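Notes for the one structure printed next.
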Amino acid sequence: MLVLSRKKNETIIINDSITVTVIEIRGDKVRLGIDAPKDITVHRREVYEAIQNQARSEDPGTRTINP
C-alpha cells in the first residue's frame, strides 16, 4: 500500500486518467473528489462489498475476489 500525505486542494493522479483531490478536511473526516472516466466505476468500500454480496447471493456459483 502506498501512503501519501496531501493537504486541502492537493491531488494525486492514478494511471494518467484518475484524479483524486482533497476537497475538505474537517476533524477526523476527509472529503475527496474523484475524477475518473465514465467506464471506470468508483464506489465506497461498503457499497462495493454490498454489490459483491448481492451478486453472490443471486448467482452462488460465481466466485469473487476481494481487493
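How things are named: the first chain in the C-alpha cells is A, the next is B, and so on; residues count from 1 in each chain; ligands count from 1 in the order shown.
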message = Which residues are near Asp16 of chain A? Cut-off 12 Å, only C-alpha atoms, ignore same chain within fewer than 6 positions. Put them as a list in words.
response =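 Once the adjacent positions are removed, what remains is Asp35, Ala36 and Pro37 of chain A.
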request  = Could you tell me, as a PyMOL selection string, which residues of chain A DSSP assigns to alpha helix (DSSP H) when given the backbone?
outcome  = chain A and resi 45-58
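Between Lys38 of chain A and the residues A:Ile51, A:Ile13, A:Ile18, A:Glu58, the shortest atom-to-atom distance, using only C-alpha atoms, involves A:Ile18.
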task = Looking only at strand (DSSP E or B) from DSSP on the backbone, list the matching residues of chain A as a PyMOL selection string.
result = chain A and resi 11-14+18-26+29-35
Given the selection you just returned, output its residues as a file containing N, CA and C atoms, formatted as a short mmCIF file (atom, residue, chain, number, x, y, z; two decimals), in the first residue's frame.
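So the final result, stored in result_5.cif, reads:
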data_model
loop_
_atom_site.label_atom_id
_atom_site.label_comp_id
_atom_site.auth_asym_id
_atom_site.auth_seq_id
_atom_site.Cartn_x
_atom_site.Cartn_y
_atom_site.Cartn_z
N THR A 11 -3.79 17.09 -5.07
CA THR A 11 -4.31 15.94 -5.80
C THR A 11 -3.26 14.85 -5.95
N ILE A 12 -3.75 13.66 -6.31
CA ILE A 12 -2.90 12.58 -6.78
C ILE A 12 -3.48 12.10 -8.10
N ILE A 13 -2.64 11.58 -8.95
CA ILE A 13 -3.06 11.07 -10.26
C ILE A 13 -2.80 9.57 -10.28
N ILE A 14 -3.78 8.81 -10.75
CA ILE A 14 -3.66 7.36 -10.85
C ILE A 14 -3.79 6.97 -12.32
N ILE A 18 -7.17 9.02 -13.62
CA ILE A 18 -7.97 9.20 -12.41
C ILE A 18 -7.29 10.24 -11.53
N THR A 19 -8.05 11.25 -11.13
CA THR A 19 -7.53 12.29 -10.25
C THR A 19 -8.31 12.27 -8.95
N VAL A 20 -7.58 12.23 -7.84
CA VAL A 20 -8.20 12.27 -6.51
C VAL A 20 -7.73 13.57 -5.85
N THR A 21 -8.69 14.40 -5.45
CA THR A 21 -8.40 15.71 -4.86
C THR A 21 -8.95 15.77 -3.44
N VAL A 22 -8.16 16.28 -2.51
CA VAL A 22 -8.65 16.51 -1.15
C VAL A 22 -9.50 17.79 -1.20
N ILE A 23 -10.78 17.65 -0.96
CA ILE A 23 -11.72 18.77 -1.04
C ILE A 23 -11.81 19.50 0.29
N GLU A 24 -11.90 18.72 1.36
CA GLU A 24 -12.10 19.33 2.68
C GLU A 24 -11.59 18.40 3.76
N ILE A 25 -11.04 18.99 4.81
CA ILE A 25 -10.63 18.24 5.99
C ILE A 25 -11.34 18.87 7.18
N ARG A 26 -12.16 18.08 7.86
CA ARG A 26 -12.92 18.59 8.99
C ARG A 26 -12.83 17.57 10.12
N LYS A 29 -12.59 13.67 9.47
CA LYS A 29 -13.17 13.31 8.18
C LYS A 29 -12.48 14.07 7.06
N VAL A 30 -12.27 13.37 5.97
CA VAL A 30 -11.67 13.96 4.78
C VAL A 30 -12.64 13.76 3.62
N ARG A 31 -12.94 14.83 2.90
CA ARG A 31 -13.79 14.72 1.69
C ARG A 31 -12.87 14.69 0.49
N LEU A 32 -13.09 13.70 -0.36
CA LEU A 32 -12.29 13.52 -1.55
C LEU A 32 -13.15 13.72 -2.79
N GLY A 33 -12.58 14.32 -3.81
CA GLY A 33 -13.22 14.40 -5.11
C GLY A 33 -12.48 13.47 -6.04
N ILE A 34 -13.21 12.63 -6.76
CA ILE A 34 -12.60 11.65 -7.66
C ILE A 34 -13.10 11.91 -9.06
N ASP A 35 -12.17 12.16 -9.96
CA ASP A 35 -12.49 12.39 -11.37
C ASP A 35 -11.92 11.21 -12.15
#
